[in-house]
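Have a look at model35.cif below; it lists mmCIF, C-alpha atoms.
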data_run
#
loop_
_atom_site.label_atom_id
_atom_site.label_comp_id
_atom_site.auth_asym_id
_atom_site.auth_seq_id
_atom_site.Cartn_x
_atom_site.Cartn_y
_atom_site.Cartn_z
CA MET A 1 -21.41 20.55 6.18
CA ILE A 2 -23.09 19.11 9.30
CA PHE A 3 -25.46 17.07 7.10
CA PHE A 4 -22.45 15.87 5.06
CA GLU A 5 -20.66 14.65 8.21
CA GLU A 6 -23.79 13.06 9.69
CA LYS A 7 -24.45 11.17 6.43
CA ARG A 8 -20.88 9.86 6.47
CA LYS A 9 -21.30 8.67 10.07
CA GLU A 10 -24.57 6.94 9.18
CA VAL A 11 -22.99 5.17 6.22
CA MET A 12 -19.92 4.09 8.20
CA LYS A 13 -22.14 2.72 10.96
CA HIS A 14 -24.18 0.87 8.33
CA ILE A 15 -21.18 -0.83 6.68
CA GLU A 16 -19.48 -1.63 10.00
CA LYS A 17 -21.78 -4.62 10.51
CA PHE A 18 -20.88 -5.99 7.06
CA MET A 19 -17.22 -5.53 7.84
CA LEU A 20 -17.56 -7.45 11.11
CA GLU A 21 -19.25 -10.33 9.27
CA LYS A 22 -16.39 -10.51 6.75
CA ILE A 23 -13.42 -9.73 8.99
CA SER A 24 -12.35 -13.38 9.28
CA GLU A 25 -12.04 -13.53 5.46
CA TYR A 26 -9.71 -10.53 5.33
CA LEU A 27 -7.60 -11.07 8.46
CA LYS A 28 -5.99 -14.29 9.71
CA PRO A 29 -5.89 -15.58 13.32
CA VAL A 30 -2.77 -14.36 15.13
CA ASP A 31 -1.82 -17.83 16.37
CA THR A 32 -1.80 -19.43 12.90
CA ILE A 33 -0.57 -16.69 10.52
CA TRP A 34 3.10 -16.68 9.44
CA GLN A 35 5.67 -14.74 11.47
CA PRO A 36 9.06 -13.30 10.40
CA SER A 37 10.96 -15.94 12.39
CA ASP A 38 9.44 -18.64 10.16
CA PHE A 39 11.71 -17.44 7.33
CA LEU A 40 14.83 -16.10 9.03
CA PRO A 41 17.96 -17.81 10.40
CA ASP A 42 17.36 -19.00 13.97
CA ALA A 43 19.95 -17.69 16.45
CA THR A 44 19.22 -20.60 18.84
CA ARG A 45 20.50 -23.16 16.32
CA GLU A 46 24.12 -24.20 15.78
CA THR A 47 23.57 -23.66 12.07
CA PHE A 48 22.78 -19.94 12.58
CA PHE A 49 26.03 -18.58 11.12
CA SER A 50 26.05 -20.96 8.17
CA GLU A 51 22.44 -19.93 7.46
CA ILE A 52 23.47 -16.26 7.46
CA LYS A 53 26.36 -17.05 5.12
CA GLU A 54 23.94 -18.81 2.77
CA LEU A 55 21.53 -15.85 2.95
CA GLN A 56 24.35 -13.42 2.12
CA GLU A 57 25.54 -15.50 -0.81
CA SER A 58 22.04 -15.47 -2.29
CA ALA A 59 21.59 -11.74 -1.62
CA ALA A 60 24.90 -10.99 -3.39
CA GLY A 61 23.25 -11.91 -6.70
CA LEU A 62 20.46 -9.31 -6.40
CA SER A 63 20.73 -6.34 -8.76
CA TYR A 64 21.35 -2.81 -7.49
CA ASP A 65 17.89 -1.70 -8.62
CA LEU A 66 16.18 -4.61 -6.86
CA ILE A 67 17.93 -3.80 -3.57
CA ALA A 68 16.86 -0.15 -3.98
CA VAL A 69 13.22 -1.11 -4.56
CA LEU A 70 13.29 -3.59 -1.68
CA ILE A 71 14.66 -0.93 0.69
CA GLY A 72 12.01 1.56 -0.42
CA ASP A 73 9.30 -1.06 0.10
CA THR A 74 10.69 -1.91 3.54
CA ILE A 75 10.81 1.71 4.71
CA THR A 76 7.24 2.19 3.48
CA GLU A 77 6.10 -0.88 5.43
CA GLU A 78 7.89 0.36 8.55
CA ALA A 79 6.05 3.70 8.62
CA LEU A 80 3.05 1.95 10.20
CA PRO A 81 2.71 4.33 13.17
CA THR A 82 1.78 7.00 10.61
CA TYR A 83 -0.82 4.82 8.90
CA GLU A 84 -2.45 3.63 12.11
CA SER A 85 -2.79 7.13 13.55
CA TRP A 86 -4.12 8.34 10.16
CA LEU A 87 -6.86 5.67 10.07
CA THR A 88 -7.97 6.44 13.63
CA MET A 89 -8.51 10.10 12.65
CA VAL A 90 -10.99 9.28 9.87
CA GLU A 91 -14.38 10.95 10.42
CA GLY A 92 -17.31 8.63 11.01
CA VAL A 93 -15.12 5.77 12.17
CA SER A 94 -16.23 4.84 15.69
CA LYS A 95 -13.46 5.26 18.28
CA ASP A 96 -15.06 2.65 20.55
CA GLU A 97 -12.19 0.32 21.45
CA GLU A 98 -14.52 -2.67 21.29
CA GLY A 99 -16.16 -1.48 18.07
CA GLY A 100 -15.60 -2.96 14.64
CA TRP A 101 -13.56 -0.14 13.08
CA MET A 102 -11.00 0.09 15.86
CA LYS A 103 -10.79 -3.71 15.88
CA TRP A 104 -10.16 -3.66 12.12
CA THR A 105 -7.51 -0.92 12.39
CA ARG A 106 -5.58 -2.66 15.17
CA HIS A 107 -5.70 -6.11 13.55
CA TRP A 108 -4.84 -4.75 10.07
CA THR A 109 -1.90 -2.85 11.58
CA SER A 110 -0.69 -5.92 13.44
CA GLU A 111 -0.64 -7.95 10.21
CA GLU A 112 1.13 -5.19 8.30
CA ASN A 113 3.70 -4.79 11.09
CA ARG A 114 5.16 -8.22 10.25
CA HIS A 115 6.09 -7.06 6.74
CA GLY A 116 8.57 -4.36 7.72
CA ASP A 117 9.88 -6.54 10.55
CA LEU A 118 10.69 -9.41 8.18
CA LEU A 119 12.21 -7.32 5.38
CA ASN A 120 14.25 -5.18 7.80
CA LYS A 121 15.86 -8.26 9.37
CA TYR A 122 16.55 -9.75 5.96
CA LEU A 123 18.26 -6.55 4.76
CA PHE A 124 20.26 -6.30 7.99
CA LEU A 125 21.55 -9.85 7.57
CA SER A 126 22.17 -9.49 3.82
CA GLY A 127 25.23 -7.28 4.21
CA ARG A 128 24.14 -5.24 1.17
CA VAL A 129 22.69 -2.28 3.06
CA ASN A 130 23.88 0.78 4.97
CA MET A 131 21.39 0.20 7.77
CA ARG A 132 21.94 3.54 9.48
CA MET A 133 21.06 5.50 6.34
CA MET A 134 18.00 3.31 5.83
CA GLU A 135 16.92 3.79 9.45
CA VAL A 136 17.27 7.56 9.10
CA SER A 137 14.95 7.45 6.08
CA THR A 138 12.43 5.38 8.06
CA GLN A 139 12.48 7.89 10.91
CA TYR A 140 12.07 10.77 8.44
CA LEU A 141 9.06 9.07 6.83
CA ILE A 142 7.30 8.66 10.18
CA ALA A 143 8.31 12.10 11.50
CA ASP A 144 7.41 14.00 8.31
CA GLY A 145 3.89 12.55 8.08
CA PHE A 146 2.14 12.52 4.73
CA GLU A 147 -0.64 14.42 3.02
CA ILE A 148 -2.35 12.13 0.52
CA GLY A 149 -5.37 14.29 -0.33
CA THR A 150 -7.93 12.26 1.60
CA GLY A 151 -8.50 14.59 4.53
CA ARG A 152 -10.55 12.83 7.21
CA ASP A 153 -13.18 11.64 4.77
CA PRO A 154 -13.73 7.85 5.07
CA TYR A 155 -14.77 7.52 1.40
CA ARG A 156 -11.56 9.08 0.11
CA ASN A 157 -9.45 7.22 2.66
CA PHE A 158 -10.82 3.80 1.72
CA ILE A 159 -10.55 4.57 -2.00
CA TYR A 160 -6.89 5.42 -1.33
CA THR A 161 -6.25 2.24 0.70
CA SER A 162 -7.98 0.08 -1.94
CA PHE A 163 -5.59 1.45 -4.58
CA GLN A 164 -2.54 1.42 -2.34
CA GLU A 165 -2.97 -2.18 -1.16
CA LEU A 166 -3.33 -3.35 -4.77
CA ALA A 167 -0.16 -1.43 -5.68
CA THR A 168 1.86 -2.93 -2.81
CA ASN A 169 0.62 -6.39 -3.82
CA VAL A 170 1.97 -5.80 -7.35
CA SER A 171 5.29 -4.48 -6.06
CA HIS A 172 5.97 -7.30 -3.57
CA ARG A 173 4.80 -9.96 -6.06
CA ARG A 174 7.16 -8.64 -8.75
CA VAL A 175 10.08 -8.36 -6.31
CA ALA A 176 9.41 -12.02 -5.39
CA SER A 177 9.53 -13.00 -9.06
CA GLN A 178 12.72 -11.01 -9.74
CA ALA A 179 14.43 -12.35 -6.61
CA LYS A 180 13.73 -15.89 -7.78
CA LYS A 181 15.30 -15.08 -11.17
CA ASP A 182 18.34 -13.66 -9.35
CA GLY A 183 18.67 -16.89 -7.38
CA ASP A 184 17.37 -15.73 -3.97
CA THR A 185 14.58 -18.21 -3.19
CA LEU A 186 14.33 -17.12 0.46
CA LEU A 187 13.61 -13.48 -0.45
CA SER A 188 11.21 -14.69 -3.11
CA LYS A 189 9.21 -16.64 -0.50
CA MET A 190 9.23 -13.66 1.89
CA CYS A 191 7.89 -11.21 -0.66
CA GLY A 192 5.39 -13.80 -1.88
CA VAL A 193 3.73 -14.17 1.53
CA ILE A 194 3.72 -10.39 2.03
CA ALA A 195 2.04 -9.98 -1.37
CA GLY A 196 -0.58 -12.49 -0.25
CA ASP A 197 -1.39 -10.37 2.82
CA GLU A 198 -1.68 -7.24 0.69
CA ALA A 199 -4.10 -8.99 -1.69
CA ARG A 200 -6.37 -9.90 1.23
CA HIS A 201 -6.24 -6.38 2.63
CA ALA A 202 -7.05 -4.91 -0.79
CA LYS A 203 -10.16 -7.11 -0.97
CA ALA A 204 -11.28 -5.75 2.39
CA TYR A 205 -10.95 -2.06 1.49
CA LYS A 206 -12.55 -2.67 -1.91
CA TYR A 207 -15.45 -4.37 -0.12
CA PHE A 208 -15.89 -1.36 2.21
CA ILE A 209 -16.16 0.96 -0.81
CA GLU A 210 -18.49 -1.45 -2.62
CA LYS A 211 -20.87 -1.21 0.35
CA ILE A 212 -20.58 2.60 0.35
CA PHE A 213 -21.53 2.69 -3.35
CA GLU A 214 -24.67 0.70 -2.49
CA VAL A 215 -25.99 3.29 -0.01
CA ASP A 216 -24.38 6.59 -1.07
CA PRO A 217 -23.45 6.19 -4.76
CA ASN A 218 -23.30 9.87 -5.66
CA GLU A 219 -20.88 10.92 -2.91
CA ALA A 220 -18.81 7.78 -3.45
CA MET A 221 -18.50 8.58 -7.16
CA ILE A 222 -17.49 12.19 -6.47
CA ALA A 223 -14.91 11.00 -3.93
CA PHE A 224 -13.48 8.51 -6.45
CA GLU A 225 -13.19 11.22 -9.11
CA ASP A 226 -11.57 13.62 -6.64
CA MET A 227 -8.91 11.08 -5.62
CA MET A 228 -8.11 10.25 -9.24
CA ARG A 229 -7.82 13.94 -10.17
CA LYS A 230 -5.36 14.40 -7.31
CA LYS A 231 -3.60 11.16 -8.34
CA ILE A 232 -3.04 8.35 -5.85
CA VAL A 233 0.30 9.17 -4.24
CA MET A 234 2.05 6.18 -2.72
CA PRO A 235 3.43 6.56 0.84
CA ALA A 236 6.91 6.12 -0.69
CA HIS A 237 6.40 9.54 -2.32
CA PHE A 238 7.48 11.00 1.03
CA LEU A 239 10.74 9.03 1.29
CA ARG A 240 13.91 11.03 1.74
CA GLU A 241 17.57 10.48 2.44
CA VAL A 242 19.86 12.67 4.50
CA GLY A 243 20.25 16.09 2.90
CA LEU A 244 17.38 15.64 0.43
CA LYS A 245 13.91 17.17 0.40
CA VAL A 246 10.67 15.17 0.50
CA GLY A 247 9.95 13.76 -2.97
CA GLN A 248 13.52 13.78 -4.33
CA THR A 249 14.36 10.23 -3.22
CA PHE A 250 10.99 8.96 -4.47
CA GLY A 251 11.85 9.97 -8.03
CA HIS A 252 14.96 7.78 -8.00
CA PHE A 253 13.05 4.95 -6.27
CA THR A 254 10.35 4.94 -8.97
CA ASP A 255 13.04 5.05 -11.68
CA ALA A 256 14.50 1.82 -10.26
CA ALA A 257 11.03 0.22 -10.06
CA GLN A 258 10.25 1.30 -13.63
CA ARG A 259 13.54 -0.07 -15.01
CA LEU A 260 12.86 -3.47 -13.46
CA GLY A 261 9.15 -3.47 -14.31
CA ILE A 262 8.33 -3.87 -10.60
CA TYR A 263 5.74 -1.09 -10.56
CA THR A 264 5.13 1.04 -13.62
CA ALA A 265 2.76 3.67 -15.00
CA ILE A 266 0.94 0.83 -16.80
CA ASP A 267 0.34 -0.88 -13.45
CA TYR A 268 -1.27 2.33 -12.15
CA VAL A 269 -3.72 2.21 -15.08
CA ASP A 270 -4.39 -1.52 -14.58
CA ILE A 271 -5.27 -0.96 -10.90
CA LEU A 272 -7.63 1.86 -11.86
CA LYS A 273 -9.33 -0.45 -14.39
CA GLU A 274 -9.67 -3.15 -11.73
CA LEU A 275 -11.38 -0.74 -9.33
CA ILE A 276 -13.72 0.51 -12.07
CA ASP A 277 -14.73 -3.11 -12.78
CA ASP A 278 -14.97 -4.26 -9.16
CA TRP A 279 -17.11 -1.27 -8.11
CA HIS A 280 -19.28 -1.59 -11.26
CA ILE A 281 -18.76 2.12 -11.99
CA GLU A 282 -20.38 1.89 -15.42
CA SER A 283 -23.69 0.64 -14.01
CA VAL A 284 -24.02 2.74 -10.82
CA THR A 285 -27.47 4.39 -10.63
CA ASP A 286 -29.05 7.31 -8.72
CA LEU A 287 -26.36 9.81 -9.68
CA THR A 288 -26.89 13.56 -9.84
CA GLU A 289 -25.52 15.62 -12.72
CA THR A 290 -22.32 16.11 -10.71
CA GLY A 291 -22.10 12.38 -10.07
CA GLU A 292 -22.58 11.61 -13.79
CA LYS A 293 -19.79 14.03 -14.70
CA ALA A 294 -17.57 12.35 -12.11
CA ARG A 295 -18.33 8.94 -13.64
CA ASP A 296 -17.54 10.22 -17.15
CA TYR A 297 -14.16 11.49 -15.93
CA ILE A 298 -13.35 8.14 -14.25
CA MET A 299 -14.44 6.03 -17.25
CA ASN A 300 -12.33 8.07 -19.68
CA LEU A 301 -9.27 8.25 -17.45
CA PRO A 302 -7.62 4.84 -18.14
CA ASP A 303 -7.26 5.53 -21.88
CA ARG A 304 -5.85 9.00 -21.21
CA LEU A 305 -3.33 7.67 -18.69
CA LEU A 306 -2.39 4.80 -20.97
CA ARG A 307 -1.47 7.20 -23.78
CA VAL A 308 0.80 9.10 -21.37
CA ALA A 309 2.33 5.86 -19.98
CA GLU A 310 3.14 4.53 -23.44
CA ARG A 311 5.15 7.67 -24.24
CA MET A 312 7.28 7.37 -21.12
CA LYS A 313 10.89 6.33 -21.66
CA ASN A 314 12.70 3.91 -19.38
CA PRO A 315 14.93 6.00 -17.05
CA MET A 316 18.68 5.41 -17.01
CA LEU A 317 20.61 4.28 -13.94
CA GLU A 318 22.50 7.38 -12.83
CA TYR A 319 21.82 7.74 -9.10
CA LYS A 320 23.52 6.15 -6.09
CA PHE A 321 21.36 5.62 -3.01
CA SER A 322 22.89 6.32 0.41
CA TRP A 323 21.10 3.17 1.58
CA ILE A 324 23.19 0.72 -0.45
CA ASN A 325 26.74 -0.36 0.36
CA GLY A 326 29.25 -0.16 -2.47
#
Could you write out this file's structure as structure tokens?
Amino acid sequence: MIFFEEKRKEVMKHIEKFMLEKISEYLKPVDTIWQPSDFLPDATRETFFSEIKELQESAAGLSYDLIAVLIGDTITEEALPTYESWLTMVEGVSKDEEGGWMKWTRHWTSEENRHGDLLNKYLFLSGRVNMRMMEVSTQYLIADGFEIGTGRDPYRNFIYTSFQELATNVSHRRVASQAKKDGDTLLSKMCGVIAGDEARHAKAYKYFIEKIFEVDPNEAMIAFEDMMRKKIVMPAHFLREVGLKVGQTFGHFTDAAQRLGIYTAIDYVDILKELIDDWHIESVTDLTETGEKARDYIMNLPDRLLRVAERMKNPMLEYKFSWING
């Protein structure tokens, strides 16, 4: 076990220098990146109330399911204290405040923080949402914490974040597209820029794992297999409303996303295929027998999951969220 941990530390130290070289590609300068106020009504202007009225008129055309998905996405984005503390607990990640990993974690968190801030203010102004019930769910999500099967292992954590960032990119991009169809161009722009951030962040975490595969392919392969056997559970899995247990709300949230085609079982398979391609899983060398078995499992998994996904029926709308007015 000591050797295992020391090897992880060595590898993380090795890839830290590559991460520092690439950090400007994956994170934007604070003084030039977009901020929530760039999109929202400005309270210092005389037109503030007419801008809110216009926002509310556009938001009135959004479907019930889209509002539900948007709220779930917002609550997930706002649980950042959980994600930041989780990343700082990863083994082998230097806790040196001036070091590359802590710099990455702080700057990544600061970019992500804008997402929940923007969407929360939009929902507040929209008039469509019971904000107190939504805020309770946000507090629950942070207070409950979440067990995603990664432990403190950096390999499993960065495999998880690679998958999760790709999934949030898909979700925000599709919400943007649906909002545009529903006539809300402002929300469409908001979700579009958030999706752009998530795409950049996904590239970063995928790059970290790519570098790990170069120096420790066997353990990286085993970690990838382990995470896929456990299934990648989205942070929204731990959403709950007042009076409900962890997991119950998530089922209704995913039903809404599935009905709209925002994020589906097919998307899960597509993301897995993308990671298999990007990490060149088929051509990885220097694997032990265990590593080869792990690769076989990963390579066969998309077809298995696709067969299951194709048999799934579109769920009916039969649940009322406490988050949504009316």
Pull out every residue that the PyMOL selection byres ((chain A and resi 84) around 12) matches in the shown coordinates and put them as an mmCIF file with C-alpha atoms, in the frame of the given file.
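File produced: result.cif:
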data_model
loop_
_atom_site.group_PDB
_atom_site.id
_atom_site.type_symbol
_atom_site.label_atom_id
_atom_site.label_comp_id
_atom_site.auth_asym_id
_atom_site.auth_seq_id
_atom_site.Cartn_x
_atom_site.Cartn_y
_atom_site.Cartn_z
ATOM 1 C CA GLU A 77 6.100 -0.880 5.430
ATOM 2 C CA GLU A 78 7.890 0.360 8.550
ATOM 3 C CA ALA A 79 6.050 3.700 8.620
ATOM 4 C CA LEU A 80 3.050 1.950 10.200
ATOM 5 C CA PRO A 81 2.710 4.330 13.170
ATOM 6 C CA THR A 82 1.780 7.000 10.610
ATOM 7 C CA TYR A 83 -0.820 4.820 8.900
ATOM 8 C CA SER A 85 -2.790 7.130 13.550
ATOM 9 C CA TRP A 86 -4.120 8.340 10.160
ATOM 10 C CA LEU A 87 -6.860 5.670 10.070
ATOM 11 C CA THR A 88 -7.970 6.440 13.630
ATOM 12 C CA MET A 89 -8.510 10.100 12.650
ATOM 13 C CA VAL A 90 -10.990 9.280 9.870
ATOM 14 C CA TRP A 101 -13.560 -0.140 13.080
ATOM 15 C CA MET A 102 -11.000 0.090 15.860
ATOM 16 C CA LYS A 103 -10.790 -3.710 15.880
ATOM 17 C CA TRP A 104 -10.160 -3.660 12.120
ATOM 18 C CA THR A 105 -7.510 -0.920 12.390
ATOM 19 C CA ARG A 106 -5.580 -2.660 15.170
ATOM 20 C CA HIS A 107 -5.700 -6.110 13.550
ATOM 21 C CA TRP A 108 -4.840 -4.750 10.070
ATOM 22 C CA THR A 109 -1.900 -2.850 11.580
ATOM 23 C CA SER A 110 -0.690 -5.920 13.440
ATOM 24 C CA GLU A 111 -0.640 -7.950 10.210
ATOM 25 C CA GLU A 112 1.130 -5.190 8.300
ATOM 26 C CA ASN A 113 3.700 -4.790 11.090
ATOM 27 C CA ILE A 142 7.300 8.660 10.180
ATOM 28 C CA GLY A 145 3.890 12.550 8.080
#
Could you give me, as a count of residues only, the residues within 12 Å of segment 11-20 of chain A, counting all atoms listed in the file and dropping anything in the same chain fewer than 5 positions from it?
42
Using atom CA of Glu198 of chain A and atom CA of Glu274 of chain A as the two end points, give the distance in Å to one decimal.
15.3 Å
Shortest interatomic distance to Met221 of chain A - which of A:Gln178, A:Thr288, A:Asn157, A:Thr47, counting all atoms listed in the file
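Using all atoms listed in the file, the shortest distance to Met221 of chain A belongs to A:Thr288.
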Using all atoms listed in the file, which residues of segment 219-265 of chain A come within 9 Å of segment 118-136 of chain A, and what is the closest atom pair for each, with the distance in Å to one decimal? Give it as JSON lines, sorted by chain and residue number.
{"residue": "A:Arg240", "atom": "CA", "partner": "A:Val136", "partner_atom": "CA", "distance": 8.8}
{"residue": "A:Glu241", "atom": "CA", "partner": "A:Met133", "partner_atom": "CA", "distance": 7.2}
{"residue": "A:Val242", "atom": "CA", "partner": "A:Val136", "partner_atom": "CA", "distance": 7.3}
Selection under test: the PyMOL selection byres ((chain A and resi 61-76) around 7); residues as JSON, numbers by chain
{"A": [58, 59, 60, 77, 78, 79, 116, 119, 120, 138, 179, 182, 183, 235, 236, 253, 256, 257]}
Which residue out of A:Thr254, A:Thr285, A:Thr264, A:Ser322 has the minimum interatomic distance to Leu306 of chain A when only C-alpha atoms are used?
A:Thr264
Pick from A:Arg295, A:Arg259, A:Lys9, A:His115, whichever lies nearest to Gln35 of chain A using only C-alpha atoms
A:His115
Using all atoms listed in the file: which of A:Met234, A:Ile33, A:Ile222, A:Leu55 has the shortest distance to Thr290 of chain A
A:Ile222
Kindly give the distance, in Å, that separates atom CA of Asn218 of chain A and atom CA of Ile159 of chain A, rounded to a single decimal.
14.3 Å
With a distance cut-off of 12 Å and all atoms listed in the file, select the neighbouring residues of Leu244 of chain A, excluding the residue or stretch itself and same-chain residues fewer than 6 positions from it, and output the selection as a list in words.
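Residues meeting the cut-off are Val136, Ser137, Tyr140, Phe238, Phe250, Gly251, His252, Phe321 and Ser322 of chain A.
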Selection dump of the PyMOL selection byres ((chain A and resi 263) around 8), as a list of chain:residue names
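This file gives the following for the PyMOL selection byres ((chain A and resi 263) around 8): A:Ala167, A:Val170, A:Ser171, A:Arg174, A:Thr254, A:Ala257, A:Gln258, A:Gly261, A:Ile262, A:Thr264, A:Ala265, A:Asp267, A:Tyr268.
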What does the distance from atom CA of Asp42 of chain A to atom CA of His201 of chain A come to in Å, to one decimal?
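Computing the Euclidean distance for atom CA of Asp42 of chain A and atom CA of His201 of chain A yields 29.1 Å.
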Which of these, A:Thr249, A:Lys7, A:Ala202, A:Gly196, has the shortest distance to Thr161 of chain A once you count only C-alpha atoms?
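Nearest to Thr161 of chain A: A:Ala202.
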